[in-house]
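S.K.: Input input_5.txt, format and content: compact mmCIF, C-alpha atoms and all ligand atoms.
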# COMPACT_ATOMS: atom_id res chain seq x y z
CA MET L 1 -10.31 11.81 -10.08
CA ALA L 2 -9.54 10.65 -13.59
CA ASP L 3 -6.27 8.87 -12.93
CA LYS L 4 -7.50 6.34 -10.38
CA LYS L 5 -6.32 2.80 -11.04
CA ARG L 6 -9.33 0.61 -11.73
CA ILE L 7 -9.05 -2.88 -10.33
CA VAL L 8 -10.84 -6.22 -10.51
CA VAL L 9 -10.50 -8.59 -7.54
CA LEU L 10 -10.93 -12.31 -8.24
CA GLY L 11 -11.45 -14.28 -5.03
CA SER L 12 -12.61 -11.23 -3.07
CA SER L 13 -14.12 -13.20 -0.17
CA GLY L 14 -10.80 -14.84 0.75
CA SER L 15 -8.06 -13.56 3.00
CA ILE L 16 -6.03 -11.82 0.23
CA GLY L 17 -9.22 -10.52 -1.42
CA GLN L 18 -10.45 -8.91 1.80
CA GLN L 19 -7.04 -7.42 2.55
CA THR L 20 -6.94 -6.01 -1.00
CA LEU L 21 -10.20 -4.21 -0.27
CA ASP L 22 -8.69 -2.86 2.98
CA VAL L 23 -5.92 -1.32 0.86
CA VAL L 24 -8.52 0.12 -1.55
CA GLN L 25 -10.40 1.65 1.38
CA LYS L 26 -7.23 3.29 2.68
CA HIS L 27 -6.33 4.67 -0.75
CA ALA L 28 -9.79 5.42 -2.12
CA ASP L 29 -8.38 8.50 -3.88
CA LYS L 30 -6.07 6.29 -5.95
CA LEU L 31 -7.95 3.02 -6.39
CA GLU L 32 -11.41 2.06 -7.60
CA VAL L 33 -12.94 -1.42 -7.70
CA VAL L 34 -14.76 -2.12 -10.97
CA GLY L 35 -15.25 -5.89 -10.61
CA LEU L 36 -15.45 -8.53 -7.89
CA ALA L 37 -15.63 -12.32 -8.18
CA VAL L 38 -16.07 -15.08 -5.61
CA ASN L 39 -16.22 -18.83 -5.90
CA SER L 40 -19.29 -19.31 -3.69
CA ARG L 41 -19.58 -16.73 -0.88
CA VAL L 42 -22.37 -14.63 -2.40
CA ASP L 43 -23.17 -13.07 1.00
CA ILE L 44 -19.70 -11.56 1.26
CA LEU L 45 -19.78 -10.53 -2.42
CA GLU L 46 -23.03 -8.61 -1.94
CA GLU L 47 -21.73 -6.76 1.11
CA GLN L 48 -18.49 -5.82 -0.68
CA ALA L 49 -20.36 -4.74 -3.82
CA ARG L 50 -22.54 -2.39 -1.77
CA ARG L 51 -19.64 -0.99 0.27
CA PHE L 52 -17.45 -0.24 -2.79
CA LYS L 53 -20.29 0.43 -5.29
CA VAL L 54 -18.94 -2.19 -7.70
CA PRO L 55 -20.70 -2.43 -11.10
CA HIS L 56 -19.48 -5.88 -12.25
CA LEU L 57 -19.87 -9.06 -10.18
CA ALA L 58 -19.27 -12.73 -10.89
CA VAL L 59 -19.76 -16.03 -9.07
CA GLY L 60 -17.84 -19.17 -10.04
CA ALA L 61 -14.60 -19.84 -11.95
CA LYS L 62 -16.17 -19.69 -15.44
CA ASN L 63 -17.99 -16.39 -14.91
CA MET L 64 -15.00 -14.58 -13.46
CA ILE L 65 -13.11 -14.83 -16.76
CA ALA L 66 -15.43 -12.15 -18.18
CA LEU L 67 -14.18 -9.70 -15.55
CA THR L 68 -10.60 -10.05 -16.81
CA GLN L 69 -11.82 -8.65 -20.14
CA LEU L 70 -13.56 -5.49 -18.83
CA PRO L 71 -12.38 -2.58 -21.01
CA GLU L 72 -12.32 -0.22 -17.99
CA ALA L 73 -10.11 -2.46 -15.82
CA ASP L 74 -6.38 -1.65 -15.47
CA ILE L 75 -5.31 -4.28 -12.92
CA VAL L 76 -6.67 -7.74 -12.14
CA VAL L 77 -5.85 -9.05 -8.66
CA ASN L 78 -5.95 -12.83 -8.87
CA ALA L 79 -6.54 -14.07 -5.33
CA CYS L 80 -8.23 -17.34 -6.27
CA VAL L 81 -7.20 -20.54 -4.53
CA GLY L 82 -5.53 -23.32 -6.51
CA ALA L 83 -5.08 -24.22 -10.16
CA ALA L 84 -8.60 -22.92 -10.85
CA GLY L 85 -6.98 -19.47 -11.07
CA LEU L 86 -4.76 -20.29 -14.06
CA ARG L 87 -7.18 -19.46 -16.86
CA ALA L 88 -7.98 -16.08 -15.30
CA SER L 89 -4.26 -15.24 -15.11
CA TYR L 90 -3.80 -16.26 -18.72
CA GLU L 91 -6.77 -14.23 -20.01
CA THR L 92 -5.72 -11.17 -17.96
CA LEU L 93 -2.25 -11.07 -19.52
CA LYS L 94 -3.63 -11.84 -22.96
CA ALA L 95 -6.01 -8.88 -22.62
CA GLY L 96 -2.99 -6.65 -21.97
CA LYS L 97 -3.90 -5.87 -18.36
CA VAL L 98 -1.65 -5.83 -15.31
CA LEU L 99 -1.86 -9.07 -13.35
CA ALA L 100 -1.33 -8.67 -9.58
CA LEU L 101 -0.83 -12.31 -8.75
CA ALA L 102 -1.55 -13.91 -5.39
CA ASN L 103 -2.57 -17.20 -7.02
CA LYS L 104 0.87 -18.84 -7.07
CA GLU L 105 -0.60 -22.05 -8.51
CA SER L 106 -1.09 -20.16 -11.81
CA LEU L 107 2.68 -19.97 -12.25
CA VAL L 108 3.40 -23.39 -10.79
CA VAL L 109 1.05 -25.04 -13.28
CA GLY L 110 1.18 -22.68 -16.25
CA GLY L 111 4.39 -20.66 -15.82
CA ASP L 112 5.67 -21.88 -19.20
CA LEU L 113 2.60 -20.33 -20.86
CA LEU L 114 2.14 -17.21 -18.68
CA MET L 115 5.70 -15.95 -18.83
CA LYS L 116 5.49 -15.76 -22.63
CA LEU L 117 2.73 -13.17 -22.19
CA ALA L 118 4.21 -11.26 -19.23
CA THR L 119 6.75 -8.48 -18.66
CA PRO L 120 8.10 -7.21 -15.30
CA ASP L 121 5.63 -4.31 -15.60
CA THR L 122 2.57 -6.45 -16.31
CA LEU L 123 3.05 -9.32 -13.83
CA LEU L 124 3.42 -8.16 -10.24
CA PRO L 125 3.68 -10.84 -7.57
CA ILE L 126 1.60 -10.41 -4.41
CA ASP L 127 3.27 -13.35 -2.69
CA SER L 128 5.39 -11.64 -0.01
CA GLU L 129 8.62 -13.46 -0.90
CA HIS L 130 8.33 -12.69 -4.60
CA GLY L 131 7.26 -9.12 -3.98
CA ALA L 132 10.41 -8.85 -1.85
CA ILE L 133 12.69 -10.29 -4.55
CA TYR L 134 10.99 -8.10 -7.17
CA GLN L 135 11.84 -5.02 -5.10
CA CYS L 136 15.43 -6.16 -4.43
CA LEU L 137 15.90 -6.54 -8.20
CA LEU L 138 14.65 -3.05 -9.12
CA GLY L 139 17.48 -1.18 -10.83
CA GLU L 140 19.65 -4.32 -10.95
CA SER L 141 20.90 -6.35 -13.87
CA MET L 142 19.81 -10.01 -13.91
CA ASN L 143 23.22 -11.22 -15.10
CA GLU L 144 24.73 -9.90 -11.87
CA VAL L 145 22.41 -12.00 -9.70
CA ARG L 146 24.17 -14.99 -8.15
CA CYS L 147 21.18 -16.52 -6.37
CA LEU L 148 17.84 -15.94 -4.66
CA TRP L 149 17.29 -16.65 -0.96
CA LEU L 150 13.67 -17.59 -0.44
CA THR L 151 12.79 -17.27 3.24
CA ALA L 152 10.33 -19.58 5.03
CA SER L 153 8.94 -19.26 8.53
CA GLY L 154 9.13 -23.04 8.89
CA GLY L 155 5.44 -23.15 9.81
CA PRO L 156 3.91 -24.44 13.05
CA PHE L 157 5.91 -27.71 12.97
CA ARG L 158 9.41 -26.29 12.60
CA GLY L 159 11.87 -28.48 14.53
CA LYS L 160 9.52 -31.50 14.63
CA THR L 161 10.45 -34.99 13.41
CA LEU L 162 8.43 -37.26 11.12
CA ASP L 163 7.33 -39.21 14.19
CA ASP L 164 5.96 -36.04 15.82
CA LEU L 165 3.80 -35.39 12.74
CA ARG L 166 1.92 -38.70 12.60
CA ASP L 167 -1.14 -37.60 14.56
CA ILE L 168 -1.34 -33.95 13.55
CA THR L 169 -4.93 -32.63 13.34
CA PRO L 170 -6.24 -29.98 10.90
CA GLU L 171 -6.62 -27.58 13.86
CA ALA L 172 -2.92 -27.85 14.77
CA ALA L 173 -1.83 -27.48 11.13
CA LEU L 174 -4.03 -24.41 10.61
CA ALA L 175 -2.41 -22.45 13.44
CA HIS L 176 0.38 -20.58 11.63
CA PRO L 177 2.86 -18.79 13.91
CA THR L 178 3.43 -15.58 11.90
CA TRP L 179 0.99 -15.12 9.00
CA THR L 180 -2.83 -15.06 8.97
CA MET L 181 -4.02 -16.90 5.86
CA GLY L 182 -6.73 -19.09 4.31
CA ALA L 183 -7.02 -22.82 5.08
CA LYS L 184 -5.35 -24.23 1.94
CA ILE L 185 -2.24 -22.06 2.15
CA SER L 186 -2.00 -22.57 5.93
CA ILE L 187 -1.77 -26.34 5.44
CA ASP L 188 0.71 -25.83 2.59
CA SER L 189 2.81 -23.64 4.89
CA SER L 190 2.84 -26.31 7.58
CA THR L 191 4.03 -29.02 5.13
CA LEU L 192 6.43 -26.56 3.40
CA MET L 193 4.64 -27.35 0.12
CA ASN L 194 3.91 -23.62 0.07
CA LYS L 195 7.66 -22.97 -0.11
CA GLY L 196 7.96 -25.62 -2.79
CA LEU L 197 5.27 -23.90 -4.85
CA GLU L 198 7.04 -20.59 -4.25
CA MET L 199 10.34 -22.03 -5.47
CA ILE L 200 8.67 -22.92 -8.78
CA GLU L 201 6.95 -19.53 -8.81
CA ALA L 202 10.35 -17.80 -8.36
CA HIS L 203 11.89 -19.94 -11.10
CA HIS L 204 9.32 -18.67 -13.60
CA LEU L 205 8.99 -15.07 -12.41
CA PHE L 206 12.71 -14.34 -12.32
CA ALA L 207 13.92 -16.85 -14.96
CA MET L 208 16.16 -18.41 -12.32
CA PRO L 209 17.49 -22.00 -12.49
CA TYR L 210 16.65 -24.15 -9.46
CA ASP L 211 20.28 -24.48 -8.34
CA LYS L 212 20.25 -20.71 -7.80
CA ILE L 213 17.14 -20.68 -5.60
CA HIS L 214 17.91 -21.47 -1.96
CA VAL L 215 15.27 -21.91 0.72
CA VAL L 216 16.25 -20.74 4.20
CA ILE L 217 14.19 -20.93 7.38
CA GLN L 218 13.76 -17.47 8.97
CA PRO L 219 11.32 -18.09 11.83
CA GLN L 220 10.52 -14.43 12.61
CA SER L 221 9.35 -13.88 8.98
CA ALA L 222 10.80 -10.36 9.18
CA ILE L 223 13.03 -10.94 6.15
CA HIS L 224 10.69 -11.66 3.27
CA SER L 225 13.43 -12.83 0.92
CA MET L 226 16.90 -11.85 -0.33
CA VAL L 227 18.92 -11.50 -3.51
CA GLU L 228 22.64 -12.25 -3.62
CA PHE L 229 24.72 -10.52 -6.29
CA SER L 230 27.96 -11.48 -8.05
CA ASP L 231 30.05 -9.14 -5.90
CA GLY L 232 28.89 -10.83 -2.68
CA SER L 233 26.42 -8.11 -1.73
CA VAL L 234 23.05 -9.31 -0.46
CA LYS L 235 19.88 -7.23 -0.52
CA ALA L 236 17.10 -8.23 1.87
CA HIS L 237 13.53 -6.99 2.02
CA LEU L 238 12.14 -6.54 5.52
CA GLY L 239 8.82 -5.41 6.89
CA THR L 240 5.86 -6.14 9.13
CA THR L 241 4.37 -9.59 8.49
CA ASP L 242 1.14 -8.26 7.01
CA MET L 243 0.03 -9.13 3.48
CA ARG L 244 -1.38 -5.64 2.93
CA ILE L 245 2.17 -4.37 2.35
CA PRO L 246 2.93 -6.64 -0.65
CA ILE L 247 -0.65 -6.25 -1.92
CA GLN L 248 -0.34 -2.47 -1.82
CA PHE L 249 3.06 -2.50 -3.57
CA ALA L 250 1.61 -4.54 -6.44
CA LEU L 251 -1.16 -1.94 -6.80
CA SER L 252 0.93 1.21 -6.26
CA TYR L 253 3.92 0.18 -8.44
CA PRO L 254 5.92 2.07 -9.70
CA GLU L 255 4.97 4.42 -6.84
CA ARG L 256 5.02 3.86 -3.09
CA TRP L 257 2.07 4.99 -1.01
CA ASP L 258 1.62 5.47 2.75
CA SER L 259 1.94 2.22 4.69
CA PRO L 260 -1.30 0.30 5.22
CA VAL L 261 -0.04 -1.05 8.58
CA GLU L 262 2.37 -0.18 11.40
CA PRO L 263 5.95 -0.42 10.10
CA LEU L 264 8.47 -2.79 11.67
CA ASP L 265 10.11 -1.45 14.86
CA PHE L 266 13.66 -2.84 14.89
CA ARG L 267 14.09 -1.79 18.53
CA THR L 268 11.56 -4.42 19.58
CA LEU L 269 12.24 -7.04 16.90
CA GLY L 270 14.91 -8.90 18.87
CA SER L 271 16.86 -11.51 16.93
CA LEU L 272 16.82 -12.88 13.41
CA ASP L 273 17.47 -16.62 13.13
CA PHE L 274 18.33 -18.73 10.09
CA ALA L 275 18.45 -22.47 9.43
CA ALA L 276 18.45 -24.96 6.56
CA PRO L 277 15.09 -26.65 5.90
CA ASP L 278 14.63 -30.30 6.96
CA LEU L 279 13.79 -32.03 3.67
CA GLU L 280 13.32 -35.43 5.30
CA THR L 281 10.55 -34.32 7.63
CA PHE L 282 9.08 -31.87 5.13
CA ARG L 283 9.08 -34.12 2.08
CA CYS L 284 6.70 -31.86 0.15
CA LEU L 285 9.51 -29.31 -0.27
CA TYR L 286 11.75 -32.03 -1.69
CA LEU L 287 8.98 -33.25 -4.03
CA ALA L 288 8.36 -29.72 -5.28
CA ARG L 289 12.02 -29.29 -6.15
CA VAL L 290 11.95 -32.57 -8.08
CA ALA L 291 8.78 -31.46 -9.90
CA GLY L 292 10.32 -28.08 -10.72
CA GLU L 293 13.59 -29.53 -11.98
CA VAL L 294 11.85 -32.10 -14.19
CA GLY L 295 9.45 -29.36 -15.30
CA GLY L 296 6.87 -29.67 -18.09
CA THR L 297 3.57 -31.02 -16.81
CA LEU L 298 4.98 -32.52 -13.58
CA PRO L 299 4.42 -29.38 -11.44
CA CYS L 300 0.79 -29.40 -12.64
CA VAL L 301 0.43 -33.01 -11.46
CA MET L 302 2.13 -32.31 -8.15
CA ASN L 303 -0.05 -29.28 -7.50
CA ALA L 304 -3.31 -31.06 -8.33
CA ALA L 305 -2.42 -34.04 -6.13
CA ASN L 306 -1.53 -31.66 -3.32
CA GLU L 307 -4.85 -29.79 -3.62
CA MET L 308 -6.75 -33.09 -3.39
CA ALA L 309 -4.65 -34.37 -0.49
CA VAL L 310 -5.00 -31.12 1.49
CA ALA L 311 -8.78 -31.17 0.99
CA ALA L 312 -8.88 -34.80 2.16
CA PHE L 313 -6.77 -33.97 5.21
CA LEU L 314 -9.02 -31.02 6.13
CA ALA L 315 -12.03 -33.36 5.78
CA ARG L 316 -10.23 -35.87 8.05
CA GLU L 317 -10.15 -38.43 5.23
CA THR L 318 -6.38 -38.85 5.27
CA THR L 319 -3.55 -38.30 7.73
CA TYR L 320 -1.17 -35.38 7.80
CA LEU L 321 1.71 -37.45 6.42
CA GLY L 322 -0.72 -38.82 3.83
CA ILE L 323 -0.48 -35.47 2.03
CA ALA L 324 3.15 -35.98 0.92
CA GLU L 325 2.55 -39.70 0.32
CA CYS L 326 -0.35 -38.93 -2.01
CA VAL L 327 1.63 -36.28 -3.91
CA GLU L 328 4.56 -38.62 -4.38
CA ALA L 329 2.39 -41.58 -5.47
CA VAL L 330 0.63 -39.48 -8.13
CA MET L 331 3.90 -37.93 -9.37
CA GLU L 332 5.37 -41.42 -9.79
CA GLN L 333 2.55 -42.39 -12.16
CA HIS L 334 3.08 -39.43 -14.52
CA ARG L 335 5.45 -39.05 -17.46
CA ALA L 336 6.10 -35.34 -17.85
CA GLN L 337 5.30 -33.72 -21.19
CA THR L 338 6.25 -30.30 -22.56
CA VAL L 339 3.60 -27.68 -21.69
CA GLU L 340 1.75 -26.69 -24.85
CA SER L 341 -1.67 -25.32 -24.00
CA LEU L 342 -4.20 -24.52 -21.31
CA VAL L 343 -6.42 -27.35 -22.52
CA GLN L 344 -3.56 -29.83 -22.15
CA LEU L 345 -2.86 -28.58 -18.60
CA GLU L 346 -6.55 -28.86 -17.71
CA GLU L 347 -6.55 -32.48 -18.90
CA VAL L 348 -3.37 -33.33 -16.97
CA ASP L 349 -4.81 -31.59 -13.90
CA ALA L 350 -8.03 -33.64 -14.15
CA TRP L 351 -6.05 -36.89 -14.52
CA ALA L 352 -3.93 -36.03 -11.47
CA ARG L 353 -7.03 -35.27 -9.37
CA LYS L 354 -8.67 -38.56 -10.35
CA THR L 355 -5.47 -40.48 -9.61
CA ALA L 356 -5.03 -38.68 -6.28
CA LEU L 357 -8.56 -39.62 -5.30
CA GLN L 358 -7.86 -43.29 -6.07
CA VAL L 359 -4.66 -43.17 -4.02
CA LEU L 360 -6.43 -41.46 -1.12
CA GLN L 361 -9.35 -43.89 -1.15
CA THR L 362 -7.38 -47.10 -1.55
CA LYS L 363 -4.08 -46.54 0.29
CA LEU L 364 -4.19 -43.54 2.56
CA ARG L 365 -7.45 -43.63 4.49
MG MG S 401 4.54 -16.47 0.43
Spit out the file's structure as structure tokens when you get a sec.

M.R.:
Amino acid sequence: MADKKRIVVLGSSGSIGQQTLDVVQKHADKLEVVGLAVNSRVDILEEQARRFKVPHLAVGAKNMIALTQLPEADIVVNACVGAAGLRASYETLKAGKVLALANKESLVVGGDLLMKLATPDTLLPIDSEHGAIYQCLLGESMNEVRCLWLTASGGPFRGKTLDDLRDITPEAALAHPTWTMGAKISIDSSTLMNKGLEMIEAHHLFAMPYDKIHVVIQPQSAIHSMVEFSDGSVKAHLGTTDMRIPIQFALSYPERWDSPVEPLDFRTLGSLDFAAPDLETFRCLYLARVAGEVGGTLPCVMNAANEMAVAAFLARETTYLGIAECVEAVMEQHRAQTVESLVQLEEVDAWARKTALQVLQTKLR
């Protein structure tokens, strides 16, 4: 079929990458994979390349940039982990291709650069909350939007106090109650840093000031986010908690295709609960708001420090509460500058990682 959408998947061995290929398998008449990239899992890459007969493969962050430039590619799914995905997002948009973005760090770090290259038709969020808001905004006028309600499950430690979190192990933090995800985002979900990153992501994607982005805990994760309009009407996006739904929407847009998973059955859903987030216990969410409001290079610094701290926690080299302490200590040492270029962001990112390492090794072991 001539009108298949041809896609490249960056980070194909990860959770989002594998679920993207599930969607491709289900809609093989509409989608074709022309490129796959992994950071290191060559075994998974080889198996995927055989299964989907993929002509272009890449290993490592530098090599994957070439796949964003393939003349035959229509859509690049960026499912890389961390700030390492920023350059690929940038080059994808610059090449005039559609960016289906699961790598939220791209926008957190480089939103000021990316949004200059993007339009609502060329940057489609895969993050479930942003996919939800995107859909609630279809057909609406942005000047009639009063605020965004970004929902959060609250993670595995919802309702806990700071004292309860002192001795948390990586195993406990990795056990997310509603979503199945990779290690880095699972830890971020448990600290609510993930929601902080998503707040900054929403700010860039929807050109929304921070005082109009509210985070609300919705433990069932059935409501994926909401938009409130000037007349008091609120639109919510609901669905099964399965990432294949937002992934598929980003690929099928502007169409809708048959559901990749069982739809939500409201007769068995039970109740929907809501609560305000606890910013004292989950300091990462507070720090992310500060970083977002200050803007410039501070979100880049915050994100890099968080990536280092999460890696250290997973390696049992710092405590759970050490994650927020490290992020805050590194943020305090930075004077935010206006974002000007990718090279500048890469330098700031490298400084923040080095500083985070010093903090982790000297103060937070
Ligand atoms: Mg999300």

S.K.: Distance limit 12 Å, reference ligand MG 401 (chain S), atoms considered: all atoms listed in the file. Which residues make the cut? Give them as a PyMOL selection string.

M.R.: chain L and resi 16+101-105+125-133+150-155+178-181+185-186+188-189+192-202+221+223-225+241-243+246-247

S.K.: In Å, rounded to a single decimal, give me how far atom CA of Asn303 of chain L is from atom CA of Gly159 of chain L.

M.R.: 25.1 Å

S.K.: Between atom CA of Ile217 of chain L and atom CA of Trp149 of chain L, what distance in Å does the model show, to one decimal?

M.R.: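 Result for atom CA of Ile217 of chain L versus atom CA of Trp149 of chain L: 9.9 Å, one decimal.
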
S.K.: Quick one, how far is atom CA of Ala356 of chain L from atom CA of Cys326 of chain L?

M.R.: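 If I compute the distance from atom CA of Ala356 of chain L to atom CA of Cys326 of chain L, I get 6.3 Å.
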
S.K.: Pick the closest to Arg158 of chain L from L:Pro177, L:Pro71, L:Pro209, L:Gly85: which is it, counting only C-alpha atoms?

M.R.: L:Pro177

S.K.: For a quick check of understanding, using all atoms listed in the file, which of L:Val33, L:Leu162, L:Met331, L:Ile245 has the smallest distance to Arg283 of chain L?

M.R.: L:Leu162

S.K.: Which one of L:Ala73, L:Met308, L:Val81, L:Leu10 sits closest to Gly182 of chain L if you count all atoms listed in the file?

M.R.: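 Nearest candidate to Gly182 of chain L out of L:Ala73, L:Met308, L:Val81, L:Leu10: L:Val81.
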
S.K.: Identify, on the basis of only C-alpha atoms, every residue whose closest approach to Ala329 of chain L does not exceed 9 Å; exclude the query and any residue fewer than 4 positions from it along the same chain; express the result as a ChimeraX atom specification.

M.R.: /L:305,324-325,333,355-356,359

S.K.: Those residues with C-alpha atoms, as a tab-separated table (two decimals), keeping the file's coordinate frame please?

M.R.:
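As a result, selection07.tsv now contains:
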chain	number	residue	atom	x	y	z
L	305	ALA	CA	-2.42	-34.04	-6.13
L	324	ALA	CA	3.15	-35.98	0.92
L	325	GLU	CA	2.55	-39.70	0.32
L	333	GLN	CA	2.55	-42.39	-12.16
L	355	THR	CA	-5.47	-40.48	-9.61
L	356	ALA	CA	-5.03	-38.68	-6.28
L	359	VAL	CA	-4.66	-43.17	-4.02

S.K.: Which of these, L:Leu314, L:Ala276, L:Leu269, L:Ile213, has the shortest distance to Thr240 of chain L once you count only C-alpha atoms?

M.R.: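 Of all the options, L:Leu269 lies closest to Thr240 of chain L.
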
S.K.: Measuring atom to atom with all atoms listed in the file, identify which of L:Thr319, L:Thr191, L:Asn39, L:Ser15 is nearest to Cys284 of chain L.

M.R.: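 Among L:Thr319, L:Thr191, L:Asn39, L:Ser15, it is L:Thr191 that comes nearest to Cys284 of chain L.
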
S.K.: Name the closest residue to Leu113 of chain L among the candidates L:Thr268, L:Thr297, L:Asn306, L:Thr161; distances are taken between atoms, counting only C-alpha atoms.

M.R.: L:Thr297

S.K.: For a cutoff of 10 Å around the file-coordinate point (6.2, 0.0, 10.1), which residues qualify once you count all atoms listed in the file? I'd like the result as a VMD selection string.

M.R.: chain L and resid 238 to 241 245 259 to 266

S.K.: Within 12 Å of Asn143 of chain L, counting only C-alpha atoms, which residues show up once you throw out same-chain ones fewer than 6 positions away? Write them as an mmCIF file with C-alpha atoms, in the frame of the given file, please.

M.R.:
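File written: selection_30.cif
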data_model
loop_
_atom_site.group_PDB
_atom_site.id
_atom_site.type_symbol
_atom_site.label_atom_id
_atom_site.label_comp_id
_atom_site.auth_asym_id
_atom_site.auth_seq_id
_atom_site.Cartn_x
_atom_site.Cartn_y
_atom_site.Cartn_z
ATOM 1 C CA LEU L 137 15.900 -6.540 -8.200
ATOM 2 C CA PHE L 206 12.710 -14.340 -12.320
ATOM 3 C CA ALA L 207 13.920 -16.850 -14.960
ATOM 4 C CA MET L 208 16.160 -18.410 -12.320
ATOM 5 C CA GLU L 228 22.640 -12.250 -3.620
ATOM 6 C CA PHE L 229 24.720 -10.520 -6.290
ATOM 7 C CA SER L 230 27.960 -11.480 -8.050
ATOM 8 C CA ASP L 231 30.050 -9.140 -5.900
#

S.K.: Identify, on the basis of only C-alpha atoms, every residue whose closest approach to Leu31 of chain L does not exceed 10 Å; exclude the query and any residue fewer than 6 positions from it along the same chain; express the result as a PDB file with C-alpha atoms, in the coordinates of the input.

M.R.:
ATOM      1  CA  MET L   1     -10.310  11.810 -10.080  1.00  0.00           C
ATOM      2  CA  ASP L   3      -6.270   8.870 -12.930  1.00  0.00           C
ATOM      3  CA  LYS L   4      -7.500   6.340 -10.380  1.00  0.00           C
ATOM      4  CA  LYS L   5      -6.320   2.800 -11.040  1.00  0.00           C
ATOM      5  CA  ARG L   6      -9.330   0.610 -11.730  1.00  0.00           C
ATOM      6  CA  ILE L   7      -9.050  -2.880 -10.330  1.00  0.00           C
ATOM      7  CA  LEU L  21     -10.200  -4.210  -0.270  1.00  0.00           C
ATOM      8  CA  VAL L  23      -5.920  -1.320   0.860  1.00  0.00           C
ATOM      9  CA  VAL L  24      -8.520   0.120  -1.550  1.00  0.00           C
ATOM     10  CA  GLN L  25     -10.400   1.650   1.380  1.00  0.00           C
ATOM     11  CA  LEU L 251      -1.160  -1.940  -6.800  1.00  0.00           C
ATOM     12  CA  SER L 252       0.930   1.210  -6.260  1.00  0.00           C
TER      13      SER L 252
END
